[in-house]
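Student: Sharing input.txt, compact mmCIF, C-alpha atoms and all ligand atoms:
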```txt
# COMPACT_ATOMS: atom_id res chain seq x y z
CA MET A 1 -38.84 -9.12 -10.31
CA ALA A 2 -35.99 -9.82 -7.90
CA GLN A 3 -35.61 -7.55 -4.88
CA ARG A 4 -32.51 -5.40 -4.59
CA ALA A 5 -31.58 -7.16 -1.32
CA ALA A 6 -31.63 -10.55 -3.07
CA ILE A 7 -29.24 -9.25 -5.73
CA VAL A 8 -26.89 -7.86 -3.07
CA ALA A 9 -27.00 -11.20 -1.20
CA LEU A 10 -25.74 -13.03 -4.29
CA PHE A 11 -22.39 -11.34 -3.80
CA ASP A 12 -22.00 -13.08 -0.44
CA GLN A 13 -21.40 -16.21 -2.52
CA LEU A 14 -19.24 -14.77 -5.30
CA GLN A 15 -15.51 -14.53 -4.64
CA GLU A 16 -13.05 -11.89 -5.78
CA PRO A 17 -10.70 -13.97 -7.98
CA LYS A 18 -7.39 -12.71 -6.58
CA LEU A 19 -8.13 -12.50 -2.86
CA LYS A 20 -10.62 -15.40 -2.83
CA TRP A 21 -12.88 -13.57 -0.39
CA ASN A 22 -16.49 -12.81 -1.03
CA ILE A 23 -17.34 -9.55 -2.77
CA ASN A 24 -19.53 -8.14 -0.02
CA THR A 25 -16.96 -8.71 2.73
CA LEU A 26 -14.44 -6.82 0.64
CA ASN A 27 -16.90 -3.93 0.10
CA LEU A 28 -16.42 -4.29 -3.65
CA LEU A 29 -20.06 -4.10 -4.71
CA GLN A 30 -20.29 -0.50 -5.86
CA GLU A 31 -23.84 -0.15 -7.14
CA VAL A 32 -27.08 -2.08 -7.39
CA THR A 33 -29.93 -0.02 -8.85
CA LEU A 34 -33.20 -1.48 -9.89
CA HIS A 35 -35.38 0.77 -12.01
CA GLU A 36 -38.59 -0.93 -13.10
CA GLN A 37 -37.27 -3.99 -15.02
CA HIS A 38 -33.76 -2.60 -15.59
CA LEU A 39 -31.01 -3.65 -13.22
CA ARG A 40 -27.60 -1.97 -13.07
CA VAL A 41 -24.81 -3.64 -11.10
CA VAL A 42 -21.27 -2.31 -10.73
CA VAL A 43 -18.57 -4.48 -9.14
CA HIS A 44 -14.91 -3.67 -8.63
CA LEU A 45 -12.26 -6.38 -8.59
CA ILE A 46 -8.77 -6.28 -7.13
CA THR A 47 -7.36 -8.53 -9.81
CA GLY A 48 -5.96 -6.99 -12.96
CA ASP A 49 -6.04 -10.31 -14.83
CA ARG A 50 -8.35 -10.11 -17.86
CA GLN A 51 -9.22 -13.83 -17.93
CA GLN A 52 -10.16 -13.78 -14.25
CA ARG A 53 -12.34 -10.72 -14.83
CA ILE A 54 -14.15 -12.32 -17.77
CA ALA A 55 -14.74 -15.54 -15.82
CA PHE A 56 -16.05 -13.60 -12.84
CA GLU A 57 -18.34 -11.53 -15.03
CA GLU A 58 -19.84 -14.67 -16.56
CA GLN A 59 -20.37 -16.23 -13.13
CA ALA A 60 -21.99 -13.05 -11.78
CA ARG A 61 -24.22 -12.70 -14.85
CA GLN A 62 -25.48 -16.28 -14.50
CA ALA A 63 -26.18 -15.87 -10.78
CA ILE A 64 -28.08 -12.61 -11.34
CA GLN A 65 -30.07 -13.90 -14.29
CA ALA A 66 -31.20 -16.90 -12.26
CA ILE A 67 -33.26 -14.51 -10.09
CA HIS A 68 -33.74 -11.45 -12.31
CA THR A 69 -35.58 -11.74 -15.59
CA GLY A 70 -35.47 -8.09 -16.72
CA SER A 71 -32.66 -6.32 -18.54
CA LEU A 72 -29.20 -6.30 -16.94
CA GLU A 73 -26.31 -3.85 -17.17
CA LEU A 74 -23.34 -5.48 -15.42
CA ILE A 75 -20.11 -3.52 -15.12
CA VAL A 76 -17.03 -5.30 -13.73
CA ALA A 77 -13.93 -3.13 -13.49
CA GLN A 78 -10.59 -3.24 -11.71
CA ALA A 79 -10.46 -1.25 -8.47
CA GLN A 80 -7.57 0.96 -9.38
CA VAL A 81 -5.42 2.82 -6.95
CA GLY A 82 -2.92 5.52 -7.67
CA THR A 83 -2.50 9.19 -8.47
CA GLU A 84 -6.13 9.39 -9.54
CA GLY A 85 -7.18 8.48 -6.04
CA ILE A 86 -8.78 5.23 -4.93
CA GLN A 87 -11.52 3.87 -7.11
CA GLY A 88 -14.83 3.74 -5.29
CA VAL A 89 -13.72 6.55 -2.96
CA LYS A 90 -15.34 9.78 -4.12
CA ARG A 91 -13.42 12.29 -2.03
CA ILE A 92 -10.20 12.12 -0.05
CA ILE A 93 -9.77 14.72 2.69
CA LEU A 94 -6.46 15.12 4.52
CA VAL A 95 -6.55 16.39 8.09
CA ALA A 96 -3.10 17.77 8.76
CA SER A 97 -1.21 20.00 11.14
CA GLY A 98 2.20 21.55 11.24
CA LYS A 99 2.60 20.59 14.88
CA GLY A 100 1.72 17.59 17.03
CA GLY A 101 -0.82 17.69 19.84
CA VAL A 102 -3.01 20.47 18.44
CA GLY A 103 -6.15 18.33 18.12
CA LYS A 104 -5.76 16.93 14.60
CA SER A 105 -7.04 13.43 15.46
CA THR A 106 -9.93 14.88 17.45
CA VAL A 107 -10.95 16.90 14.40
CA ALA A 108 -10.44 13.97 12.00
CA VAL A 109 -12.59 11.60 14.09
CA ASN A 110 -15.40 14.11 14.61
CA LEU A 111 -15.29 15.17 10.98
CA ALA A 112 -15.69 11.54 9.91
CA VAL A 113 -18.56 10.98 12.33
CA GLY A 114 -20.15 14.34 11.39
CA LEU A 115 -20.10 13.58 7.66
CA ASN A 116 -21.62 10.17 8.42
CA LEU A 117 -24.39 11.84 10.45
CA LEU A 118 -25.06 14.01 7.40
CA GLY A 119 -25.78 10.83 5.44
CA HIS A 120 -22.42 10.11 3.79
CA LYS A 121 -20.50 6.82 3.69
CA VAL A 122 -17.23 7.57 5.43
CA GLY A 123 -13.89 5.86 5.96
CA LEU A 124 -11.21 7.06 8.36
CA MET A 125 -7.54 6.24 7.98
CA ASP A 126 -5.27 6.92 10.94
CA ALA A 127 -1.96 7.60 9.22
CA ASP A 128 -0.43 9.27 12.27
CA ILE A 129 2.35 6.76 12.75
CA TYR A 130 3.94 8.77 15.55
CA GLY A 131 0.84 8.88 17.77
CA PRO A 132 -2.03 6.81 16.41
CA SER A 133 -4.95 7.82 18.63
CA VAL A 134 -7.95 6.97 16.43
CA PRO A 135 -8.49 3.48 18.00
CA THR A 136 -8.73 5.08 21.45
CA MET A 137 -11.00 7.87 20.22
CA LEU A 138 -13.30 5.35 18.52
CA GLY A 139 -13.07 2.86 21.39
CA CYS A 140 -11.89 -0.03 19.23
CA HIS A 141 -8.48 -1.68 19.45
CA ASP A 142 -9.34 -4.71 17.31
CA LYS A 143 -6.86 -5.76 14.66
CA PRO A 144 -7.96 -5.51 11.05
CA GLN A 145 -8.29 -8.74 9.06
CA VAL A 146 -5.27 -9.34 6.84
CA LEU A 147 -6.29 -10.77 3.47
CA PRO A 148 -4.17 -12.56 0.88
CA HIS A 149 -1.58 -10.38 -0.90
CA GLU A 150 -1.45 -8.18 2.22
CA TYR A 151 -4.77 -6.47 1.62
CA LEU A 152 -6.54 -5.24 4.73
CA LEU A 153 -10.17 -5.16 5.69
CA PRO A 154 -11.13 -1.97 7.56
CA LEU A 155 -12.85 -2.23 10.93
CA GLN A 156 -16.33 -0.79 11.51
CA ARG A 157 -17.17 1.47 14.43
CA HIS A 158 -19.81 4.11 15.07
CA GLY A 159 -20.99 3.82 11.46
CA ILE A 160 -17.60 4.41 9.86
CA ARG A 161 -14.97 2.15 8.35
CA PHE A 162 -11.55 2.76 9.80
CA ILE A 163 -8.03 1.49 9.91
CA SER A 164 -5.11 2.67 11.98
CA THR A 165 -1.38 2.28 11.90
CA GLY A 166 -1.91 1.77 15.63
CA SER A 167 -3.73 -1.50 14.86
CA LEU A 168 -0.46 -2.93 13.62
CA VAL A 169 1.20 -2.78 17.01
CA ASP A 170 0.15 -3.52 20.55
CA PRO A 171 -1.42 -0.60 22.44
CA GLY A 172 1.19 1.56 24.13
CA LYS A 173 4.03 0.46 21.84
CA ALA A 174 5.54 2.77 19.27
CA LEU A 175 5.94 1.86 15.63
CA ASP A 176 9.55 1.58 14.62
CA TRP A 177 9.27 3.00 11.11
CA ARG A 178 12.20 4.94 9.82
CA GLY A 179 12.77 7.63 7.22
CA PRO A 180 12.03 6.72 3.62
CA LEU A 181 10.24 3.52 4.67
CA VAL A 182 7.49 5.57 6.26
CA SER A 183 6.09 7.32 3.20
CA GLY A 184 6.03 4.25 0.95
CA THR A 185 4.57 2.04 3.64
CA LEU A 186 1.91 4.59 4.53
CA LEU A 187 0.81 4.97 0.95
CA GLN A 188 0.63 1.21 0.58
CA PHE A 189 -1.33 0.96 3.81
CA ILE A 190 -3.90 3.48 2.52
CA THR A 191 -4.23 1.99 -0.94
CA LYS A 192 -4.21 -1.69 0.05
CA THR A 193 -7.17 -1.31 2.35
CA CYS A 194 -10.45 -2.57 0.88
CA TRP A 195 -12.46 0.58 1.52
CA GLY A 196 -15.27 -0.22 -0.88
CA GLU A 197 -17.61 2.57 -1.89
CA LEU A 198 -17.10 5.70 0.17
CA ASP A 199 -18.29 9.27 -0.20
CA TYR A 200 -15.38 10.43 1.94
CA LEU A 201 -12.08 9.00 3.07
CA ILE A 202 -10.66 11.13 5.87
CA ILE A 203 -6.92 10.70 6.42
CA ASP A 204 -5.52 11.70 9.81
CA MET A 205 -2.02 12.66 8.70
CA PRO A 206 1.16 12.49 10.75
CA PRO A 207 2.01 15.96 12.09
CA GLY A 208 4.67 18.03 10.35
CA THR A 209 5.88 18.76 6.86
CA GLY A 210 8.20 15.89 6.00
CA ASP A 211 8.55 13.11 3.50
CA ALA A 212 5.36 11.29 4.50
CA GLN A 213 3.13 14.34 4.02
CA LEU A 214 4.82 15.17 0.72
CA THR A 215 4.39 11.63 -0.62
CA ILE A 216 0.72 11.38 0.29
CA ALA A 217 -0.07 14.85 -1.07
CA SER A 218 1.76 14.20 -4.33
CA LYS A 219 0.77 10.57 -4.96
CA LEU A 220 -2.87 10.60 -3.91
CA LYS A 221 -5.43 12.83 -5.55
CA THR A 222 -6.97 14.72 -2.66
CA HIS A 223 -10.10 16.86 -2.72
CA GLY A 224 -9.20 18.99 0.22
CA VAL A 225 -6.87 19.58 3.13
CA VAL A 226 -8.14 20.65 6.54
CA LEU A 227 -5.36 22.18 8.62
CA VAL A 228 -5.66 22.12 12.37
CA THR A 229 -3.85 24.51 14.66
CA THR A 230 -4.07 26.11 18.06
CA PRO A 231 -4.04 29.91 18.19
CA GLN A 232 -0.39 30.25 19.18
CA GLU A 233 2.45 31.71 17.15
CA VAL A 234 4.52 28.52 17.57
CA ALA A 235 1.78 26.46 15.93
CA TRP A 236 0.92 29.02 13.25
CA GLY A 237 4.48 29.15 12.00
CA ASP A 238 4.28 25.42 11.29
CA VAL A 239 0.85 25.80 9.68
CA ARG A 240 2.31 28.29 7.18
CA ARG A 241 4.93 25.69 6.21
CA ALA A 242 2.20 23.06 5.83
CA ILE A 243 0.17 25.41 3.60
CA GLU A 244 3.22 25.89 1.38
CA LEU A 245 3.78 22.12 1.12
CA PHE A 246 0.19 21.32 0.14
CA GLN A 247 -0.11 24.27 -2.25
CA LYS A 248 3.05 23.14 -4.05
CA GLN A 249 1.40 19.74 -4.56
CA GLN A 250 -1.81 21.38 -5.84
CA ALA A 251 -3.81 19.86 -3.00
CA PRO A 252 -6.72 22.29 -2.43
CA ILE A 253 -6.71 23.72 1.08
CA LEU A 254 -10.26 23.92 2.44
CA GLY A 255 -9.20 26.04 5.39
CA ILE A 256 -7.98 26.11 8.95
CA VAL A 257 -9.61 24.77 12.08
CA GLU A 258 -8.63 26.95 15.00
CA ASN A 259 -8.75 24.48 17.85
CA MET A 260 -8.77 25.40 21.55
CA ASN A 261 -9.60 28.88 20.32
CA HIS A 262 -11.58 29.97 23.35
CA GLN A 263 -13.21 28.69 26.50
CA VAL A 264 -16.89 29.10 27.35
CA CYS A 265 -17.85 29.50 31.00
CA THR A 266 -20.53 26.87 31.74
CA ALA A 267 -22.15 29.14 34.37
CA CYS A 268 -22.48 32.43 32.48
CA GLY A 269 -21.48 31.69 28.84
CA HIS A 270 -18.60 34.18 28.95
CA GLN A 271 -15.84 33.46 26.42
CA SER A 272 -12.21 33.76 27.44
CA HIS A 273 -9.13 33.14 25.29
CA PRO A 274 -6.55 31.27 27.38
CA LEU A 275 -4.14 30.57 24.50
CA ILE A 276 -4.43 33.71 22.41
CA HIS A 277 -2.10 36.56 23.19
CA SER A 278 -2.97 38.57 20.11
CA GLN A 279 -5.20 37.79 17.11
CA LEU A 280 -3.16 35.90 14.53
CA PRO A 281 -3.86 36.86 10.91
CA LEU A 282 -4.99 34.14 8.49
CA PRO A 283 -2.51 33.59 5.65
CA PRO A 284 -3.67 35.19 2.37
CA GLY A 285 -6.39 33.20 0.59
CA ILE A 286 -6.90 30.83 3.51
CA VAL A 287 -10.22 30.78 5.35
CA SER A 288 -11.13 29.71 8.85
CA LEU A 289 -13.44 26.67 8.79
CA ALA A 290 -14.18 26.63 12.49
CA GLN A 291 -13.16 27.99 15.84
CA LEU A 292 -13.47 25.14 18.32
CA PRO A 293 -13.55 25.77 22.06
CA LEU A 294 -11.16 24.28 24.55
CA ALA A 295 -13.70 22.06 26.26
CA HIS A 296 -13.61 19.31 28.85
CA GLU A 297 -16.28 17.30 26.95
CA ILE A 298 -14.06 17.11 23.84
CA SER A 299 -11.14 15.50 25.66
CA GLN A 300 -13.46 13.35 27.78
CA ALA A 301 -15.25 12.03 24.67
CA GLY A 302 -11.90 11.24 23.05
CA ASP A 303 -10.76 9.25 26.08
CA ALA A 304 -14.12 7.47 26.40
CA GLY A 305 -13.99 6.24 22.80
CA VAL A 306 -17.33 7.80 21.88
CA PRO A 307 -16.88 10.96 19.79
CA LEU A 308 -18.67 14.02 21.17
CA LEU A 309 -20.87 14.19 18.07
CA LEU A 310 -22.43 10.88 19.11
CA GLN A 311 -23.11 11.95 22.67
CA GLU A 312 -26.25 13.56 24.09
CA SER A 313 -25.08 17.10 24.64
CA SER A 314 -26.20 20.64 23.93
CA SER A 315 -22.67 21.98 24.33
CA PRO A 316 -21.28 24.72 22.05
CA ALA A 317 -18.35 22.34 21.33
CA LYS A 318 -20.67 19.74 19.79
CA ALA A 319 -22.51 22.39 17.75
CA ALA A 320 -19.17 23.74 16.47
CA LEU A 321 -18.03 20.24 15.43
CA LEU A 322 -21.26 19.58 13.52
CA ALA A 323 -21.01 22.98 11.81
CA LEU A 324 -17.46 22.03 10.75
CA ALA A 325 -18.71 18.82 9.09
CA GLN A 326 -21.47 20.78 7.34
CA ARG A 327 -18.94 23.32 6.11
CA VAL A 328 -16.61 20.62 4.76
CA ALA A 329 -19.55 18.88 3.05
CA GLN A 330 -20.50 22.18 1.41
CA CYS A 331 -16.98 22.98 0.22
CA THR A 332 -16.63 19.52 -1.31
CA ALA A 333 -20.12 19.19 -2.81
CA PRO A 334 -20.02 17.60 -6.30
CA THR A 335 -20.71 20.91 -8.13
CA GLN A 336 -17.42 22.23 -6.80
CA GLU A 337 -15.38 19.20 -7.80
CA PRO A 338 -12.94 19.72 -10.64
CA ALA A 339 -14.26 18.27 -13.90
N1 LIG A 401 -10.79 21.50 21.74
C1 LIG A 401 -10.32 20.68 22.66
N2 LIG A 401 -10.68 20.81 23.95
C2 LIG A 401 -10.18 19.98 24.91
N3 LIG A 401 -9.32 18.99 24.66
C3 LIG A 401 -8.92 18.82 23.38
C4 LIG A 401 -9.41 19.63 22.31
N4 LIG A 401 -8.84 19.20 21.16
C5 LIG A 401 -8.05 18.17 21.48
N5 LIG A 401 -8.10 17.93 22.81
C6 LIG A 401 -7.36 16.90 23.55
O1 LIG A 401 -5.96 17.14 23.35
C7 LIG A 401 -5.24 15.90 23.22
C8 LIG A 401 -4.50 15.87 21.89
O2 LIG A 401 -5.48 15.86 20.86
P1 LIG A 401 -5.26 15.03 19.51
O3 LIG A 401 -4.74 13.67 19.79
O4 LIG A 401 -6.51 15.17 18.72
O5 LIG A 401 -4.11 15.90 18.86
P2 LIG A 401 -3.17 15.58 17.62
O6 LIG A 401 -2.87 16.88 16.99
O7 LIG A 401 -3.80 14.54 16.77
O8 LIG A 401 -1.91 15.00 18.34
P3 LIG A 401 -0.74 14.09 17.70
O9 LIG A 401 -0.15 14.88 16.63
O10 LIG A 401 0.17 13.87 18.87
O11 LIG A 401 -1.41 12.85 17.23
C9 LIG A 401 -6.28 14.81 23.35
O12 LIG A 401 -6.30 14.37 24.67
C10 LIG A 401 -7.60 15.49 23.02
O13 LIG A 401 -8.70 14.89 23.66
```
Any chance you could give the structure as C-alpha cells?
Tutor:
Amino acid sequence: MAQRAAIVALFDQLQEPKLKWNINTLNLLQEVTLHEQHLRVVVHLITGDRQQRIAFEEQARQAIQAIHTGSLELIVAQAQVGTEGIQGVKRIILVASGKGGVGKSTVAVNLAVGLNLLGHKVGLMDADIYGPSVPTMLGCHDKPQVLPHEYLLPLQRHGIRFISTGSLVDPGKALDWRGPLVSGTLLQFITKTCWGELDYLIIDMPPGTGDAQLTIASKLKTHGVVLVTTPQEVAWGDVRRAIELFQKQQAPILGIVENMNHQVCTACGHQSHPLIHSQLPLPPGIVSLAQLPLAHEISQAGDAGVPLLLQESSSPAKAALLALAQRVAQCTAPTQEPA
C-alpha cells in the first residue's frame, strides 16, 4: 500500500493545466486520506475548461494507480471564487476598523498567528492599501511569485501564508490606487491568490467605511468581522458606522477588540486607563472580544517582525492576544456555521 507522502509527492510532477505550474506549489491539493485500502484524493484546478479537467483527471488517476493498488476516489473540481467565498478556504474573517492607526494590523497578524498556534491552517491578506504594514510585522518584504494569468503565489512566514498589497510596491512608497479602481482591484487581488486549503483567511481591511469595504463585504462570503477600536469617542463613532455597513451586508460581526484599553504597571501590576475618559457603551447586540493593553512589547514585536505570540513572554498582552484567537476560534467553530 502506497504511503500518503508518496501520493502527495506525485502532485509535484502534475501540472495545473491553465497555469502550467505544479499542483503542490499552487496549494491545490485539498485532501489525501488513506483509510485501509481506500484512498480519497481531492484536487482543485484553476481552469474551467472541461477537456483540460478530464485530461488532468486521467493523468492523475494513472499516476496514482501506478503506486496505489487499492480503491481510489479521485475528485477533481474547479477552484471557484466568488460570492460563495473562495473554494478551499473554510472561513473568511475580516479585521476592520472605522479609523486608521487603532491597531487593526497588529490584531490581524496576531489573530492569524494565534489561530495557527491553535492548529489551524491560516492565510493572511493585507488589504490595507493605504498603510500595508503586514510585511513589516511579519518581517518579510519578499515579492510574491506572479504566475501566468496574473495569479499570485502567497509567501510563507511564521507558519502562515500571506500576501500584501505592500508587496506590489517598494517599501516606503505609497500605492497610487484611486477611487473605484481600488475595490475591484482588491477583490481580484484576494481571489486571484492561490491560497490552497485554509481553515481561516484573515483579511486586514483598509480602515474606514468606503467603497472598498462595501465591495469586499458584499462580494465575498465572510464568516465574521472583528472590529478594532481604541476606547475613545472619536474612534467609537467610526466603529458604529462600520457596524452599520457590515450589518447591511449581512456579514456577521463577531465583536469588538478594544485595543490600548489599559496599561499594566510592570512593577506592581496596577492598571491605568490612559485613553479612557469615561466608559463607552457597546452598541446593542455587539460583544467585546478582548480588551488589549497598551503595551511596549506589542509595538516592539510589530517593529521587529516577530509577532508577540511567537515570542517568549509571560506578559498580559500576549495572554490577551492568545485568548482573542481562542475566542474567535470558538465563535467560528463548525457547529456555529450557517448550514
Ligand atoms: N496595544 C498596543 N500597544 C502598543 N502599541 C500598539 C498596540 N496596538 C498597536 N500598536 C502600535 O500602534 C501602531 C499602529 O498599529 P497598526 O498598524 O496595527 O494599526 P492600524 O489600525 O492597522 O493602522 P493603519 O490603519 O494605519 O494601517 C503600530 O506601531 C503598532 O505596533
Student: Report as a tab-separated table: every residue of chain A with an atom at most 10 Å from ligand LIG 401 (chain A), its closest pair of atoms, and their distance in Å to one decimal, counting all atoms listed in the file, with rows sorted by chain and ascending residue number.
Tutor:
```
residue	atom	partner	partner_atom	distance
A:Val95	CA	A:LIG401	O7	9.3
A:Ala96	CA	A:LIG401	O6	8.3
A:Ser97	CA	A:LIG401	O6	6.8
A:Gly98	CA	A:LIG401	O9	8.9
A:Lys99	CA	A:LIG401	O9	6.6
A:Gly100	CA	A:LIG401	O9	3.3
A:Gly101	CA	A:LIG401	O8	3.3
A:Val102	CA	A:LIG401	O6	3.9
A:Gly103	CA	A:LIG401	O4	3.2
A:Lys104	CA	A:LIG401	O6	3.8
A:Ser105	CA	A:LIG401	O7	3.7
A:Thr106	CA	A:LIG401	O4	3.7
A:Val107	CA	A:LIG401	O4	6.4
A:Ala108	CA	A:LIG401	O4	7.9
A:Val109	CA	A:LIG401	O4	8.4
A:Asn110	CA	A:LIG401	O4	9.9
A:Asp126	CA	A:LIG401	O11	9.5
A:Ala127	CA	A:LIG401	O11	9.6
A:Asp128	CA	A:LIG401	O11	6.2
A:Ile129	CA	A:LIG401	O11	8.4
A:Tyr130	CA	A:LIG401	O11	6.9
A:Gly131	CA	A:LIG401	O11	4.6
A:Pro132	CA	A:LIG401	O11	6.1
A:Ser133	CA	A:LIG401	O3	6.0
A:Val134	CA	A:LIG401	O3	8.2
A:Thr136	CA	A:LIG401	O3	9.6
A:Met137	CA	A:LIG401	O13	8.1
A:Asp204	CA	A:LIG401	O7	7.7
A:Met205	CA	A:LIG401	O9	8.4
A:Pro206	CA	A:LIG401	O9	6.5
A:Pro207	CA	A:LIG401	O9	5.1
A:Gly208	CA	A:LIG401	O9	8.5
A:Val228	CA	A:LIG401	O6	7.5
A:Thr229	CA	A:LIG401	O6	8.0
A:Thr230	CA	A:LIG401	N1	8.9
A:Glu258	CA	A:LIG401	N1	8.9
A:Asn259	CA	A:LIG401	N1	5.3
A:Met260	CA	A:LIG401	N1	4.4
A:Asn261	CA	A:LIG401	N1	7.6
A:His262	CA	A:LIG401	N1	8.7
A:Gln263	CA	A:LIG401	N2	8.7
A:Gln291	CA	A:LIG401	N1	9.1
A:Leu292	CA	A:LIG401	N1	5.7
A:Pro293	CA	A:LIG401	N1	5.1
A:Leu294	CA	A:LIG401	N2	3.6
A:Ala295	CA	A:LIG401	N2	4.0
A:His296	CA	A:LIG401	C2	5.3
A:Glu297	CA	A:LIG401	C2	7.0
A:Ile298	CA	A:LIG401	C2	4.9
A:Ser299	CA	A:LIG401	O13	3.2
A:Gln300	CA	A:LIG401	O13	6.5
A:Ala301	CA	A:LIG401	O13	7.2
A:Gly302	CA	A:LIG401	O13	4.9
A:Asp303	CA	A:LIG401	O13	6.5
A:Ala304	CA	A:LIG401	O13	9.6
A:Pro307	CA	A:LIG401	O13	9.9
A:Ala317	CA	A:LIG401	N1	7.6
A:Leu321	CA	A:LIG401	N1	9.7
```
Student: Selection from above, C-alpha atoms, as a PDB file, in the frame of the given file, can you write it?
Tutor:
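Heads up, here's the output in out-v6.pdb:
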```pdb
ATOM      1  CA  VAL A  95      -6.550  16.390   8.090  1.00  0.00           C
ATOM      2  CA  ALA A  96      -3.100  17.770   8.760  1.00  0.00           C
ATOM      3  CA  SER A  97      -1.210  20.000  11.140  1.00  0.00           C
ATOM      4  CA  GLY A  98       2.200  21.550  11.240  1.00  0.00           C
ATOM      5  CA  LYS A  99       2.600  20.590  14.880  1.00  0.00           C
ATOM      6  CA  GLY A 100       1.720  17.590  17.030  1.00  0.00           C
ATOM      7  CA  GLY A 101      -0.820  17.690  19.840  1.00  0.00           C
ATOM      8  CA  VAL A 102      -3.010  20.470  18.440  1.00  0.00           C
ATOM      9  CA  GLY A 103      -6.150  18.330  18.120  1.00  0.00           C
ATOM     10  CA  LYS A 104      -5.760  16.930  14.600  1.00  0.00           C
ATOM     11  CA  SER A 105      -7.040  13.430  15.460  1.00  0.00           C
ATOM     12  CA  THR A 106      -9.930  14.880  17.450  1.00  0.00           C
ATOM     13  CA  VAL A 107     -10.950  16.900  14.400  1.00  0.00           C
ATOM     14  CA  ALA A 108     -10.440  13.970  12.000  1.00  0.00           C
ATOM     15  CA  VAL A 109     -12.590  11.600  14.090  1.00  0.00           C
ATOM     16  CA  ASN A 110     -15.400  14.110  14.610  1.00  0.00           C
ATOM     17  CA  ASP A 126      -5.270   6.920  10.940  1.00  0.00           C
ATOM     18  CA  ALA A 127      -1.960   7.600   9.220  1.00  0.00           C
ATOM     19  CA  ASP A 128      -0.430   9.270  12.270  1.00  0.00           C
ATOM     20  CA  ILE A 129       2.350   6.760  12.750  1.00  0.00           C
ATOM     21  CA  TYR A 130       3.940   8.770  15.550  1.00  0.00           C
ATOM     22  CA  GLY A 131       0.840   8.880  17.770  1.00  0.00           C
ATOM     23  CA  PRO A 132      -2.030   6.810  16.410  1.00  0.00           C
ATOM     24  CA  SER A 133      -4.950   7.820  18.630  1.00  0.00           C
ATOM     25  CA  VAL A 134      -7.950   6.970  16.430  1.00  0.00           C
ATOM     26  CA  THR A 136      -8.730   5.080  21.450  1.00  0.00           C
ATOM     27  CA  MET A 137     -11.000   7.870  20.220  1.00  0.00           C
ATOM     28  CA  ASP A 204      -5.520  11.700   9.810  1.00  0.00           C
ATOM     29  CA  MET A 205      -2.020  12.660   8.700  1.00  0.00           C
ATOM     30  CA  PRO A 206       1.160  12.490  10.750  1.00  0.00           C
ATOM     31  CA  PRO A 207       2.010  15.960  12.090  1.00  0.00           C
ATOM     32  CA  GLY A 208       4.670  18.030  10.350  1.00  0.00           C
ATOM     33  CA  VAL A 228      -5.660  22.120  12.370  1.00  0.00           C
ATOM     34  CA  THR A 229      -3.850  24.510  14.660  1.00  0.00           C
ATOM     35  CA  THR A 230      -4.070  26.110  18.060  1.00  0.00           C
ATOM     36  CA  GLU A 258      -8.630  26.950  15.000  1.00  0.00           C
ATOM     37  CA  ASN A 259      -8.750  24.480  17.850  1.00  0.00           C
ATOM     38  CA  MET A 260      -8.770  25.400  21.550  1.00  0.00           C
ATOM     39  CA  ASN A 261      -9.600  28.880  20.320  1.00  0.00           C
ATOM     40  CA  HIS A 262     -11.580  29.970  23.350  1.00  0.00           C
ATOM     41  CA  GLN A 263     -13.210  28.690  26.500  1.00  0.00           C
ATOM     42  CA  GLN A 291     -13.160  27.990  15.840  1.00  0.00           C
ATOM     43  CA  LEU A 292     -13.470  25.140  18.320  1.00  0.00           C
ATOM     44  CA  PRO A 293     -13.550  25.770  22.060  1.00  0.00           C
ATOM     45  CA  LEU A 294     -11.160  24.280  24.550  1.00  0.00           C
ATOM     46  CA  ALA A 295     -13.700  22.060  26.260  1.00  0.00           C
ATOM     47  CA  HIS A 296     -13.610  19.310  28.850  1.00  0.00           C
ATOM     48  CA  GLU A 297     -16.280  17.300  26.950  1.00  0.00           C
ATOM     49  CA  ILE A 298     -14.060  17.110  23.840  1.00  0.00           C
ATOM     50  CA  SER A 299     -11.140  15.500  25.660  1.00  0.00           C
ATOM     51  CA  GLN A 300     -13.460  13.350  27.780  1.00  0.00           C
ATOM     52  CA  ALA A 301     -15.250  12.030  24.670  1.00  0.00           C
ATOM     53  CA  GLY A 302     -11.900  11.240  23.050  1.00  0.00           C
ATOM     54  CA  ASP A 303     -10.760   9.250  26.080  1.00  0.00           C
ATOM     55  CA  ALA A 304     -14.120   7.470  26.400  1.00  0.00           C
ATOM     56  CA  PRO A 307     -16.880  10.960  19.790  1.00  0.00           C
ATOM     57  CA  ALA A 317     -18.350  22.340  21.330  1.00  0.00           C
ATOM     58  CA  LEU A 321     -18.030  20.240  15.430  1.00  0.00           C
TER      59      LEU A 321
END
```
Student: Write out as CSV a residue-level contact list of region 86-151 of chain A versus region 20-25 of chain A with cut-off 12 Å: for each qualifying residue the closest pair of atoms and the distance in Å to one decimal, counting only C-alpha atoms, rows sorted by chain and residue number upward.
Tutor:
```
residue,atom,partner,partner_atom,distance
A:Gln145,CA,A:Thr25,CA,10.7
A:Val146,CA,A:Trp21,CA,11.3
A:Leu147,CA,A:Trp21,CA,8.1
A:Pro148,CA,A:Lys20,CA,8.0
A:His149,CA,A:Lys20,CA,10.5
A:Tyr151,CA,A:Trp21,CA,11.0
```
Student: For Gly159 (chain A), which residue out of A:Ala112, A:Leu45, A:Ile202, A:Ile92 is the nearest one, using only C-alpha atoms?
Tutor: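 Smallest separation from Gly159 (chain A) among the options: A:Ala112.
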Student: For the atom pair CA of Val287 (chain A) and CA of Leu198 (chain A), what is the interatomic distance in Å to one decimal place?
Tutor: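 These atoms are spaced 26.5 Å apart.
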Student: Let me make sure I understand: among A:Ala242, A:Cys265, A:Ile253, A:Val8, which one has the smallest atom-to-atom distance to Gly224 (chain A) if we use all atoms listed in the file?
Tutor: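 Using all atoms listed in the file, the shortest distance to Gly224 (chain A) belongs to A:Ile253.
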Student: What is the distance, in Å and to one decimal place, between CA of Gln59 (chain A) and CA of Gln15 (chain A)?
Tutor: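 CA of Gln15 (chain A) lies 9.9 Å from CA of Gln59 (chain A).
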Student: Considering only C-alpha atoms, can you say which of A:Ile160, A:Val257, A:Leu19, A:Val76 comes closest to Asn116 (chain A)?
Tutor: A:Ile160
Student: Just to confirm, what's the straight-line distance from CA of Ile93 (chain A) to CA of Glu244 (chain A) in Å (one decimal)?
Tutor: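 Atom-to-atom, CA of Ile93 (chain A) to CA of Glu244 (chain A), that is 17.2 Å.
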